[in-house]
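Undergrad: The structure file entry-v4.txt (compact mmCIF, C-alpha atoms) is provided below.
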```
# COMPACT_ATOMS: atom_id res chain seq x y z
CA MET A 14 0.00 0.00 0.00
CA GLY A 15 2.80 2.41 0.91
CA SER A 16 4.68 1.78 -2.33
CA THR A 17 1.46 2.27 -4.30
CA ARG A 18 0.93 5.67 -2.66
CA ARG A 19 4.53 6.67 -3.36
CA ARG A 20 4.16 5.73 -7.02
CA GLY A 21 0.91 7.68 -7.13
CA ALA A 22 2.58 10.72 -5.59
CA ARG A 23 5.42 10.59 -8.12
CA LYS A 24 2.92 10.33 -10.96
CA THR A 25 1.00 13.32 -9.61
CA TYR A 26 4.16 15.43 -9.38
CA ARG A 27 5.00 14.48 -12.96
CA GLU A 28 1.57 15.79 -13.93
CA VAL A 29 2.36 19.08 -12.18
CA ILE A 30 5.67 19.43 -14.03
CA GLY A 31 3.83 18.59 -17.22
CA LEU A 32 1.61 21.63 -16.62
CA THR A 33 4.38 24.04 -15.67
CA GLY A 34 7.32 22.78 -17.70
CA PRO A 35 10.68 22.10 -16.02
CA LEU A 36 11.84 25.72 -16.11
CA LEU A 37 9.09 27.43 -14.12
CA PRO A 38 9.80 25.74 -10.73
CA VAL A 39 13.49 26.61 -11.09
CA VAL A 40 12.85 30.25 -11.98
CA SER A 41 10.21 30.67 -9.28
CA PHE A 42 12.53 29.14 -6.67
CA LEU A 43 15.43 31.43 -7.61
CA GLY A 44 13.06 34.40 -7.77
CA ARG A 45 11.80 33.88 -4.22
CA LEU A 46 15.24 33.09 -2.74
CA PRO A 47 16.11 36.82 -2.37
CA THR A 48 13.15 37.30 0.00
CA ALA A 49 14.62 34.83 2.48
CA THR A 50 18.11 36.22 1.92
CA VAL A 51 17.19 39.85 2.52
CA GLN A 52 15.12 39.23 5.65
CA PHE A 53 18.04 37.68 7.50
CA GLY A 54 20.77 39.51 5.61
CA SER A 55 19.49 42.98 6.42
CA VAL A 56 19.81 42.26 10.14
CA LEU A 57 23.35 40.91 9.79
CA LEU A 58 24.40 43.73 7.47
CA VAL A 59 23.17 46.56 9.69
CA ALA A 60 24.54 44.85 12.80
CA ARG A 61 27.96 44.51 11.12
CA THR A 62 28.14 48.09 9.82
CA SER A 63 26.52 49.91 12.75
CA GLY A 64 27.57 47.71 15.65
CA SER A 65 24.05 48.05 17.04
CA LEU A 66 21.62 45.18 17.43
CA THR A 67 18.86 47.72 18.03
CA ALA A 68 19.47 49.35 14.65
CA ALA A 69 19.63 45.94 13.02
CA GLY A 70 16.34 44.91 14.61
CA LEU A 71 14.65 48.12 13.50
CA ALA A 72 15.82 47.67 9.91
CA GLY A 73 14.70 44.05 9.84
CA GLY A 74 11.40 44.87 11.48
CA ALA A 75 10.72 47.71 9.04
CA LEU A 76 11.39 45.31 6.17
CA ALA A 77 8.78 42.88 7.53
CA VAL A 78 6.27 45.72 8.05
CA GLY A 79 6.73 46.85 4.46
CA GLN A 80 6.12 43.34 3.18
CA VAL A 81 3.03 42.82 5.33
CA ALA A 82 1.52 46.21 4.47
CA CYS A 83 2.07 46.14 0.71
CA GLY A 84 1.92 42.41 -0.10
CA PRO A 85 -1.88 42.29 -0.54
CA LEU A 86 -1.69 45.42 -2.72
CA VAL A 87 0.78 43.73 -5.06
CA GLY A 88 -1.51 40.70 -5.20
CA ARG A 89 -4.51 42.87 -6.03
CA LEU A 90 -2.60 44.61 -8.82
CA ALA A 91 -1.64 41.21 -10.24
CA ASP A 92 -5.29 40.13 -10.15
CA ARG A 93 -6.40 43.26 -11.99
CA HIS A 94 -3.60 43.71 -14.50
CA GLY A 95 -1.95 40.31 -14.72
CA GLN A 96 1.43 39.14 -13.47
CA ARG A 97 3.43 40.18 -16.53
CA PRO A 98 3.28 43.97 -16.00
CA VAL A 99 3.30 43.87 -12.18
CA VAL A 100 6.09 41.40 -11.36
CA PRO A 101 8.87 42.96 -13.51
CA ALA A 102 8.12 46.43 -12.11
CA CYS A 103 8.24 45.11 -8.53
CA SER A 104 11.34 43.02 -9.22
CA LEU A 105 13.33 45.96 -10.58
CA ALA A 106 12.09 48.26 -7.81
CA ASN A 107 13.01 45.62 -5.22
CA ALA A 108 16.49 45.18 -6.68
CA LEU A 109 17.02 48.95 -6.48
CA ALA A 110 15.68 49.12 -2.91
CA ILE A 111 18.00 46.29 -1.79
CA ALA A 112 20.95 48.00 -3.44
CA LEU A 113 20.09 51.27 -1.67
CA LEU A 114 19.83 49.44 1.67
CA VAL A 115 23.28 47.93 1.15
CA ALA A 116 24.73 51.30 0.15
CA GLY A 117 23.08 53.02 3.11
CA ALA A 118 24.37 50.45 5.58
CA LEU A 119 27.91 50.66 4.19
CA ALA A 120 27.70 54.46 4.38
CA ARG A 121 26.52 54.14 8.02
CA LEU A 122 23.40 56.21 7.52
CA PRO A 123 21.32 57.05 10.62
CA THR A 124 19.05 54.31 11.91
CA PRO A 125 15.76 56.00 10.82
CA LEU A 126 17.00 56.17 7.23
CA LEU A 127 18.09 52.54 7.33
CA ALA A 128 14.65 51.58 8.64
CA LEU A 129 13.05 53.52 5.79
CA LEU A 130 15.22 51.72 3.24
CA GLY A 131 14.34 48.43 4.87
CA ALA A 132 10.64 49.24 4.61
CA LEU A 133 11.07 50.04 0.91
CA ALA A 134 12.86 46.74 0.35
CA GLY A 135 9.97 44.90 2.00
CA ALA A 136 7.20 46.88 0.31
CA SER A 137 8.60 46.41 -3.20
CA GLY A 138 8.93 42.62 -3.01
CA PRO A 139 7.50 40.91 -6.14
CA LEU A 140 5.77 38.15 -4.11
CA ILE A 141 7.01 35.33 -6.32
CA GLY A 142 5.79 32.71 -3.81
CA PRO A 143 2.10 33.74 -3.62
CA LEU A 144 1.95 34.53 -7.33
CA ALA A 145 3.56 31.19 -8.21
CA ARG A 146 0.88 29.43 -6.15
CA THR A 147 -1.79 31.41 -7.98
CA ARG A 148 -0.30 30.52 -11.35
CA LEU A 149 0.02 26.81 -10.54
CA VAL A 150 -3.61 26.61 -9.41
CA SER A 151 -4.76 28.50 -12.51
CA LEU A 152 -2.80 26.16 -14.77
CA ALA A 153 -4.33 23.10 -13.11
CA ARG A 154 -7.87 24.48 -13.16
CA ARG A 155 -7.70 25.53 -16.80
CA ALA A 156 -6.34 22.12 -17.77
CA GLY A 157 -9.21 20.40 -15.94
CA ALA A 158 -6.73 18.56 -13.72
CA PRO A 159 -8.07 16.47 -10.82
CA GLU A 160 -8.01 17.89 -7.33
CA ARG A 161 -5.04 15.75 -6.33
CA THR A 162 -2.96 17.58 -8.96
CA VAL A 163 -3.98 20.95 -7.51
CA GLY A 164 -2.96 19.72 -4.07
CA ALA A 165 0.36 18.42 -5.40
CA ALA A 166 1.01 21.78 -7.06
CA LEU A 167 0.51 23.52 -3.72
CA SER A 168 2.70 20.92 -2.01
CA LEU A 169 5.50 21.47 -4.51
CA ASP A 170 5.30 25.23 -4.19
CA SER A 171 5.25 25.14 -0.38
CA THR A 172 8.30 22.86 -0.47
CA LEU A 173 10.11 25.39 -2.65
CA ASP A 174 9.25 28.04 -0.05
CA GLU A 175 10.59 25.90 2.79
CA VAL A 176 13.84 25.17 0.95
CA SER A 177 14.32 28.83 0.07
CA PHE A 178 13.85 29.90 3.69
CA VAL A 179 16.42 27.34 4.77
CA LEU A 180 18.93 28.05 2.02
CA GLY A 181 18.62 31.87 2.06
CA PRO A 182 19.84 32.44 5.64
CA ALA A 183 22.49 29.75 5.17
CA LEU A 184 23.91 31.61 2.17
CA VAL A 185 23.89 34.87 4.12
CA GLY A 186 25.68 33.22 7.02
CA LEU A 187 28.28 31.76 4.65
CA ALA A 188 28.88 35.11 2.99
CA SER A 189 29.16 36.77 6.40
CA VAL A 190 31.79 34.27 7.55
CA LEU A 191 33.82 34.28 4.35
CA ALA A 192 33.57 37.97 3.46
CA HIS A 193 30.68 40.35 4.23
CA PRO A 194 26.86 40.08 4.28
CA ALA A 195 26.72 42.88 1.71
CA TYR A 196 27.81 40.37 -0.93
CA ALA A 197 24.80 38.17 -0.21
CA LEU A 198 22.41 41.10 -0.47
CA GLY A 199 24.05 42.28 -3.67
CA ALA A 200 23.55 38.82 -5.15
CA ALA A 201 19.94 38.89 -3.97
CA ALA A 202 19.35 42.20 -5.79
CA ALA A 203 20.73 40.77 -9.03
CA LEU A 204 18.78 37.53 -8.62
CA VAL A 205 15.41 39.20 -8.01
CA ALA A 206 15.87 41.47 -11.03
CA LEU A 207 16.83 38.59 -13.32
CA CYS A 208 14.65 35.72 -12.09
CA GLY A 209 11.69 37.89 -11.13
CA THR A 210 11.56 39.17 -14.68
CA GLY A 211 12.06 35.64 -16.01
CA PHE A 212 9.17 34.41 -13.88
CA ALA A 213 6.93 37.16 -15.23
CA LEU A 214 7.83 36.50 -18.86
CA HIS A 215 7.46 32.71 -18.68
CA PRO A 216 4.68 31.55 -21.08
CA THR A 217 2.62 30.18 -18.16
CA ALA A 218 1.97 33.76 -16.99
CA ARG A 219 -0.97 33.80 -19.42
CA ALA A 220 -2.75 31.31 -17.14
CA ALA A 221 -2.95 33.98 -14.44
CA ALA A 222 -4.26 36.70 -16.76
CA PRO A 223 -7.18 38.78 -15.42
CA ARG A 224 -10.64 37.29 -15.96
CA PRO A 225 -13.72 39.29 -16.91
CA ASP A 226 -16.03 39.77 -13.96
CA ALA A 227 -19.75 39.29 -13.69
CA ALA A 228 -22.00 42.34 -13.77
CA PRO A 229 -22.18 44.37 -10.53
CA ASP A 230 -25.12 43.82 -8.19
CA ARG A 231 -27.36 46.63 -6.88
CA ASP A 232 -24.71 47.63 -4.34
CA GLY A 233 -22.16 48.08 -7.11
CA VAL A 234 -20.11 45.06 -5.96
CA ARG A 235 -19.17 42.45 -8.52
CA PRO A 236 -20.27 39.02 -7.15
CA ALA A 237 -17.19 37.30 -8.55
CA ARG A 238 -15.05 39.61 -6.47
CA ARG A 239 -16.68 39.16 -3.06
CA MET A 240 -14.31 37.89 -0.38
CA PRO A 241 -16.01 35.36 1.94
CA ARG A 242 -15.89 35.54 5.72
CA SER A 243 -14.31 32.10 5.92
CA VAL A 244 -10.91 33.48 4.86
CA HIS A 245 -10.53 35.32 8.17
CA ALA A 246 -10.15 32.07 10.10
CA LEU A 247 -7.63 30.82 7.56
CA ARG A 248 -5.56 33.99 7.87
CA ALA A 249 -5.74 33.81 11.66
CA SER A 250 -4.47 30.24 11.52
CA LEU A 251 -1.51 31.29 9.39
CA ALA A 252 -0.75 34.25 11.66
CA LEU A 253 -0.71 31.93 14.66
CA GLN A 254 1.58 29.49 12.86
CA GLY A 255 3.87 32.42 12.09
CA ALA A 256 3.76 33.32 15.79
CA MET A 257 4.79 29.77 16.63
CA PHE A 258 7.69 30.05 14.18
CA GLY A 259 8.79 33.35 15.69
CA ALA A 260 8.58 32.07 19.27
CA CYS A 261 10.56 28.95 18.34
CA GLN A 262 13.17 31.11 16.64
CA ALA A 263 13.54 33.27 19.76
CA GLY A 264 13.66 30.22 22.04
CA ILE A 265 16.21 28.42 19.86
CA THR A 266 18.43 31.51 19.79
CA ALA A 267 18.20 31.95 23.57
CA LEU A 268 18.85 28.27 24.32
CA THR A 269 21.84 27.93 22.00
CA GLU A 270 23.35 31.07 23.54
CA ARG A 271 22.79 29.66 27.03
CA LEU A 272 24.54 26.43 25.96
CA GLY A 273 27.47 28.41 24.56
CA ARG A 274 26.70 27.35 20.97
CA PRO A 275 25.05 30.39 19.33
CA ASP A 276 26.44 29.30 15.96
CA GLN A 277 24.05 26.33 16.04
CA ALA A 278 20.84 28.41 16.10
CA GLY A 279 20.55 28.69 12.33
CA LEU A 280 21.28 24.99 11.83
CA VAL A 281 18.65 23.96 14.38
CA TYR A 282 16.03 26.12 12.70
CA ALA A 283 17.11 24.77 9.31
CA ALA A 284 16.55 21.20 10.56
CA MET A 285 12.90 22.05 11.12
CA GLY A 286 12.69 23.54 7.64
CA VAL A 287 14.21 20.46 5.99
CA MET A 288 11.80 18.10 7.74
CA SER A 289 8.92 20.41 6.88
CA ALA A 290 9.91 20.30 3.20
CA VAL A 291 9.98 16.50 3.26
CA ALA A 292 6.56 16.39 4.92
CA GLY A 293 5.23 18.83 2.33
CA LEU A 294 6.28 16.61 -0.56
CA ALA A 295 4.73 13.61 1.18
CA MET A 296 1.33 15.36 1.30
CA ALA A 297 0.62 14.16 -2.25
CA ALA A 298 0.43 10.59 -0.85
CA VAL A 299 -2.31 11.40 1.70
CA PRO A 300 -5.47 9.43 0.82
CA ALA A 301 -8.08 11.48 -1.01
CA ARG A 302 -10.79 10.38 1.46
CA ILE A 303 -9.22 12.61 4.11
CA GLY A 304 -10.85 15.99 3.54
CA LEU A 305 -9.17 19.38 3.83
CA ARG A 306 -10.94 20.32 7.05
CA ALA A 307 -9.75 17.09 8.69
CA ARG A 308 -6.21 17.76 7.46
CA TRP A 309 -6.34 21.31 8.83
CA ARG A 310 -7.40 20.08 12.27
CA ALA A 311 -4.87 17.26 12.28
CA ALA A 312 -1.97 19.55 11.29
CA THR A 313 -2.75 22.15 13.96
CA ALA A 314 -3.26 19.48 16.63
CA ALA A 315 0.05 17.85 15.69
CA ALA A 316 1.87 21.21 15.85
CA CYS A 317 0.43 21.85 19.32
CA ALA A 318 1.36 18.40 20.64
CA LEU A 319 4.83 18.28 19.07
CA SER A 320 5.75 21.77 20.33
CA LEU A 321 5.11 20.93 24.00
CA PRO A 322 8.41 19.02 24.54
CA LEU A 323 10.34 22.18 23.64
CA VAL A 324 9.42 23.72 26.99
CA GLY A 325 11.48 21.11 28.85
CA THR A 326 14.34 20.89 26.36
CA GLY A 327 17.74 21.82 27.80
CA THR A 328 20.43 20.16 25.67
CA LEU A 329 21.52 20.65 22.09
CA PRO A 330 20.87 17.06 20.91
CA ALA A 331 17.39 17.13 22.43
CA LEU A 332 16.72 20.50 20.79
CA TYR A 333 17.70 19.13 17.38
CA ALA A 334 15.48 16.08 17.88
CA VAL A 335 12.38 17.94 19.08
CA VAL A 336 12.60 20.73 16.50
CA THR A 337 13.15 18.27 13.64
CA VAL A 338 10.07 16.26 14.65
CA LEU A 339 8.06 19.49 14.96
CA GLY A 340 8.83 20.22 11.31
CA VAL A 341 6.52 17.34 10.33
CA ALA A 342 3.47 19.48 11.13
CA CYS A 343 4.57 22.77 9.53
CA ALA A 344 4.28 22.34 5.76
CA PRO A 345 1.10 20.21 5.93
CA HIS A 346 -0.63 23.05 7.74
CA LEU A 347 0.57 25.64 5.22
CA ILE A 348 -0.40 23.50 2.23
CA THR A 349 -3.85 22.74 3.63
CA VAL A 350 -4.64 26.36 4.48
CA PHE A 351 -3.51 27.54 1.05
CA ALA A 352 -5.74 24.84 -0.51
CA LEU A 353 -8.69 25.96 1.62
CA THR A 354 -8.01 29.56 0.63
CA GLU A 355 -8.00 28.64 -3.06
CA ARG A 356 -11.37 26.88 -2.66
CA ALA A 357 -12.93 29.71 -0.65
CA VAL A 358 -12.03 32.86 -2.61
CA PRO A 359 -13.24 33.97 -6.04
CA PRO A 360 -10.73 33.28 -8.83
CA ALA A 361 -10.63 37.00 -9.67
CA ARG A 362 -9.01 37.71 -6.28
CA LEU A 363 -6.84 34.62 -5.86
CA ALA A 364 -3.47 36.39 -6.05
CA GLU A 365 -4.61 38.96 -3.49
CA ALA A 366 -5.84 36.19 -1.18
CA MET A 367 -2.57 34.26 -1.47
CA ALA A 368 -0.58 37.43 -0.81
CA PHE A 369 -2.74 38.27 2.20
CA ALA A 370 -2.22 34.74 3.55
CA THR A 371 1.54 35.09 3.22
CA SER A 372 1.45 38.52 4.87
CA ALA A 373 -0.47 37.04 7.81
CA LEU A 374 2.24 34.42 8.26
CA VAL A 375 5.03 37.00 8.10
CA ALA A 376 3.22 39.39 10.46
CA GLY A 377 2.68 36.69 13.05
CA GLN A 378 6.31 35.67 12.93
CA ALA A 379 7.70 39.21 13.10
CA LEU A 380 5.49 40.17 16.04
CA ALA A 381 6.30 36.97 17.91
CA VAL A 382 10.05 37.41 17.43
CA ALA A 383 9.84 40.91 18.90
CA VAL A 384 7.71 39.88 21.89
CA THR A 385 9.19 36.48 22.72
CA GLY A 386 12.75 37.70 22.25
CA ARG A 387 12.30 39.93 25.27
CA LEU A 388 10.41 37.16 27.04
CA ALA A 389 13.34 34.79 26.52
CA GLU A 390 15.79 37.39 27.83
CA ALA A 391 13.75 37.94 30.98
CA HIS A 392 12.56 34.41 31.76
CA GLY A 393 14.66 32.05 29.67
CA PRO A 394 14.08 30.03 26.48
CA ALA A 395 11.33 27.93 28.07
CA ALA A 396 9.11 31.01 28.23
CA ALA A 397 9.50 31.61 24.50
CA PHE A 398 8.81 27.96 23.73
CA ALA A 399 5.71 28.07 25.94
CA ALA A 400 4.46 31.07 23.97
CA GLY A 401 4.99 29.11 20.76
CA SER A 402 2.97 26.19 22.13
CA ALA A 403 0.21 28.60 23.15
CA ALA A 404 0.09 29.99 19.61
CA ALA A 405 -0.11 26.45 18.21
CA ALA A 406 -2.96 25.65 20.61
CA LEU A 407 -4.87 28.74 19.51
CA ALA A 408 -4.38 27.73 15.86
CA CYS A 409 -5.87 24.34 16.71
CA LEU A 410 -8.87 26.00 18.35
CA VAL A 411 -9.37 28.17 15.26
CA ALA A 412 -9.33 25.08 13.04
CA LEU A 413 -11.87 23.31 15.29
CA ALA A 414 -14.23 26.29 15.51
CA ALA A 415 -13.98 27.71 11.99
CA ARG A 416 -16.85 27.55 9.52
CA PRO A 417 -15.24 26.17 6.38
CA GLY A 418 -16.09 26.86 2.76
CA PRO A 419 -18.48 24.54 0.93
CA TYR A 420 -15.81 22.04 -0.10
CA ALA A 421 -13.48 22.10 2.89
CA GLY A 422 -14.91 19.00 4.51
CA ARG A 423 -15.17 16.76 1.48
CA ALA A 424 -12.40 14.61 0.11
CA PRO A 425 -10.30 16.33 -2.57
CA GLY A 426 -11.74 15.40 -5.93
CA PRO A 427 -12.86 17.03 -9.16
CA LEU A 428 -14.90 20.14 -8.42
CA PRO A 429 -18.29 20.62 -10.04
CA ALA A 430 -18.38 23.00 -12.98
CA ARG A 431 -17.69 26.59 -11.91
CA ALA A 432 -17.72 25.48 -8.25
CA ALA A 433 -14.62 27.50 -7.50
CA GLU A 434 -16.42 30.66 -8.59
CA ARG A 435 -19.33 30.33 -6.13
CA PRO A 436 -19.10 32.29 -2.85
CA ALA A 437 -17.85 30.20 0.09
CA HIS A 438 -20.43 31.66 2.49
CA PRO A 439 -24.19 32.11 2.07
CA ARG A 440 -24.01 35.81 2.95
CA PRO A 441 -20.53 37.04 1.95
CA ARG A 442 -19.36 40.54 2.52
CA PRO A 443 -16.85 42.61 0.54
```
What would the structure in this file look like if it were written as structure tokens?
TA:
Amino acid sequence: MGSTRRRGARKTYREVIGLTGPLLPVVSFLGRLPTATVQFGSVLLVARTSGSLTAAGLAGGALAVGQVACGPLVGRLADRHGQRPVVPACSLANALAIALLVAGALARLPTPLLALLGALAGASGPLIGPLARTRLVSLARRAGAPERTVGAALSLDSTLDEVSFVLGPALVGLASVLAHPAYALGAAAALVALCGTGFALHPTARAAAPRPDAAPDRDGVRPARRMPRSVHALRASLALQGAMFGACQAGITALTERLGRPDQAGLVYAAMGVMSAVAGLAMAAVPARIGLRARWRAATAAACALSLPLVGTGTLPALYAVVTVLGVACAPHLITVFALTERAVPPARLAEAMAFATSALVAGQALAVAVTGRLAEAHGPAAAFAAGSAAAALACLVALAARPGPYAGRAPGPLPARAAERPAHPRPRP
């Protein structure tokens, strides 16, 4: 049975590559790698040039705020005008903003100016990850692919995200050790300009072209563009998972410093990312009879249960073991919530919804890092880990209490004609 499922998963992934072509996953991966590089690299760069962790934290925090605030706007522009005009403009603007941040840090500009440059670098991000998810789903839907192929497409894309967020900080750390973090950010600027533009110009971009909307109703709102209430629970779940990530990051940093091995913090966090990527790829082998709502509840419950041992962890080997096992629950939750989002929202606003979901994740993580970092300093790493477990428990409660869209509880299978275009709630609001 297990070998049959593995063969089925491999066949499904071959179907996904058949839709995208072999080049698109490569270009989209390289195009989103700068996001992970700049988030960590900006902190290291400003800390190196200014000698102030406060300045570095402000620059990194401003970058996250810019991304959270402007991400949904970029998604909305892509929905309205298509990815081809929006992504190249954002990619080139992002490359320029990163270059200015590097130049400003090397010139030792005042902290407020560095924070402003960081915010510009975050706000101008081309959102390759959310837009790639939108494009993959559009390709599968237009080809009439079965629901398992749509799920595999989301699994593949989430795995690319996980790998990029493991590899990006590792490359920054390597550049920092061998030379200077400015080199990593300079490479990120060149990569986002080149691969972001390549992603936008790939022939599959036509699949995500804007669709004509239905006629407006008496309130002047186009029915195909209504956003259902059910997305709020999905965004809350992602924000809480981001909070768990941020709390774990703060706890890992505090514990490795207490053990005299601060250099291991990035590797420990990477171990969770690697296991999460493996679990994400394995999602294609989950039996179709297990519906999305059941998967959502199972993933959040697993994250809550598997995070609890962190509170009592006090050695480096135990930390590696517990964090690696925790990674099993991360990607399945992300993949399931993105799948539920795709089923709930109107196709005309899919890119905006995916961007909003990503912004919720980033916002939760950034806020948790800021809060639990101080908590760990005052009360030790166990306090940060406990906060992470609390966030995971709240995410589980959200999954148990949420009112899903019309297809969230059924097994993934072919959707009825135009089902994805029906509102996910009987009385939606704009």
Undergrad: Calculate how many Å separate atom CA of Arg274 of chain A from atom CA of Leu329 of chain A, rounding to one decimal.
TA: 8.5 Å
Undergrad: Provide the atom CA of Leu347 of chain A to atom CA of Thr50 of chain A distance in Å, to one decimal place.
TA: 20.7 Å
Undergrad: Counting only C-alpha atoms, figure out which residue out of A:Ala361, A:Val190, A:Ala376, A:Leu57 gets nearest to Asp92 of chain A.
TA: A:Ala361
Undergrad: Which residue out of A:Cys317, A:Ala312, A:Leu37, A:Val384 has the minimum interatomic distance to Leu169 of chain A when all atoms listed in the file are used?
TA: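 Selected residue with least distance to Leu169 of chain A: A:Leu37.
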Undergrad: Using atom CA of His346 of chain A and atom CA of Ala165 of chain A as the two end points, give the distance in Å to one decimal.
TA: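 So the answer is 14.0 Å.
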Undergrad: For each of A:Leu144, A:Ala220, A:Val56, A:Leu305, take the minimum atom-to-atom distance to Gly186 of chain A, counting only C-alpha atoms, then give the residue where this is smallest.
TA: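 The closest residue to Gly186 of chain A is A:Val56.
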Undergrad: Given the choices A:Leu191, A:Val59, A:Ala391, A:Met288, which gets closest to Val179 of chain A if the distance is worked out from only C-alpha atoms?
TA: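 Closest residue, counting only C-alpha atoms: A:Met288.
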Undergrad: Need the shell around Pro216 of chain A: protein/DNA/RNA residues with any atom at most 10 Å away, counting all atoms listed in the file. Skip same-chain ones fewer than 3 positions apart. Format as a VMD selection string?
TA: chain A and resid 33 to 34 37 97 211 to 213 219 to 220
Undergrad: Give the answer as one residue: which of A:Leu119, A:Leu214, A:Ala368, A:Ala145 has the shortest atom-to-atom distance to Ala82 of chain A, using all atoms listed in the file?
TA: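 Nearest to Ala82 of chain A: A:Ala368.
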Undergrad: Neighbourhood query: residues within 12 Å of (21.2, 29.5, 25.6), file coordinates, counting only C-alpha atoms; return as JSON, numbers by chain.
TA: {"A": [263, 264, 265, 266, 267, 268, 269, 270, 271, 272, 273, 274, 275, 276, 277, 278, 326, 327, 328, 329, 332, 389, 390, 392, 393, 394, 395, 397]}
Undergrad: Just the residues within 6 Å of Val100 of chain A, please, counting all atoms listed in the file, with nothing from its chain fewer than 4 positions along; format it as a list in words.
TA: Gln96, Ser104, Pro139 and Ala213 of chain A
Undergrad: For C-alpha atoms, I'd like the residues from the last selection saved as a PDB file, keeping the file's coordinate frame.
TA:
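Writing done, so here's out-v4.pdb:
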```pdb
ATOM      1  CA  GLN A  96       1.430  39.140 -13.470  1.00  0.00           C
ATOM      2  CA  SER A 104      11.340  43.020  -9.220  1.00  0.00           C
ATOM      3  CA  PRO A 139       7.500  40.910  -6.140  1.00  0.00           C
ATOM      4  CA  ALA A 213       6.930  37.160 -15.230  1.00  0.00           C
TER       5      ALA A 213
END
```
Undergrad: So which residues fall inside 10 Å of (7.4, 17.3, 20.0) if we count all atoms listed in the file? Mind giving them as a ChimeraX atom specification?
TA: /A:315-324,332,334-342
Undergrad: Restrict the output to segment 307-342 of chain A and C-alpha atoms, then write it as a compact mmCIF listing (two decimals), in the first residue's frame.
TA:
```
# COMPACT_ATOMS: atom_id res chain seq x y z
CA ALA A 307 -9.75 17.09 8.69
CA ARG A 308 -6.21 17.76 7.46
CA TRP A 309 -6.34 21.31 8.83
CA ARG A 310 -7.40 20.08 12.27
CA ALA A 311 -4.87 17.26 12.28
CA ALA A 312 -1.97 19.55 11.29
CA THR A 313 -2.75 22.15 13.96
CA ALA A 314 -3.26 19.48 16.63
CA ALA A 315 0.05 17.85 15.69
CA ALA A 316 1.87 21.21 15.85
CA CYS A 317 0.43 21.85 19.32
CA ALA A 318 1.36 18.40 20.64
CA LEU A 319 4.83 18.28 19.07
CA SER A 320 5.75 21.77 20.33
CA LEU A 321 5.11 20.93 24.00
CA PRO A 322 8.41 19.02 24.54
CA LEU A 323 10.34 22.18 23.64
CA VAL A 324 9.42 23.72 26.99
CA GLY A 325 11.48 21.11 28.85
CA THR A 326 14.34 20.89 26.36
CA GLY A 327 17.74 21.82 27.80
CA THR A 328 20.43 20.16 25.67
CA LEU A 329 21.52 20.65 22.09
CA PRO A 330 20.87 17.06 20.91
CA ALA A 331 17.39 17.13 22.43
CA LEU A 332 16.72 20.50 20.79
CA TYR A 333 17.70 19.13 17.38
CA ALA A 334 15.48 16.08 17.88
CA VAL A 335 12.38 17.94 19.08
CA VAL A 336 12.60 20.73 16.50
CA THR A 337 13.15 18.27 13.64
CA VAL A 338 10.07 16.26 14.65
CA LEU A 339 8.06 19.49 14.96
CA GLY A 340 8.83 20.22 11.31
CA VAL A 341 6.52 17.34 10.33
CA ALA A 342 3.47 19.48 11.13
```
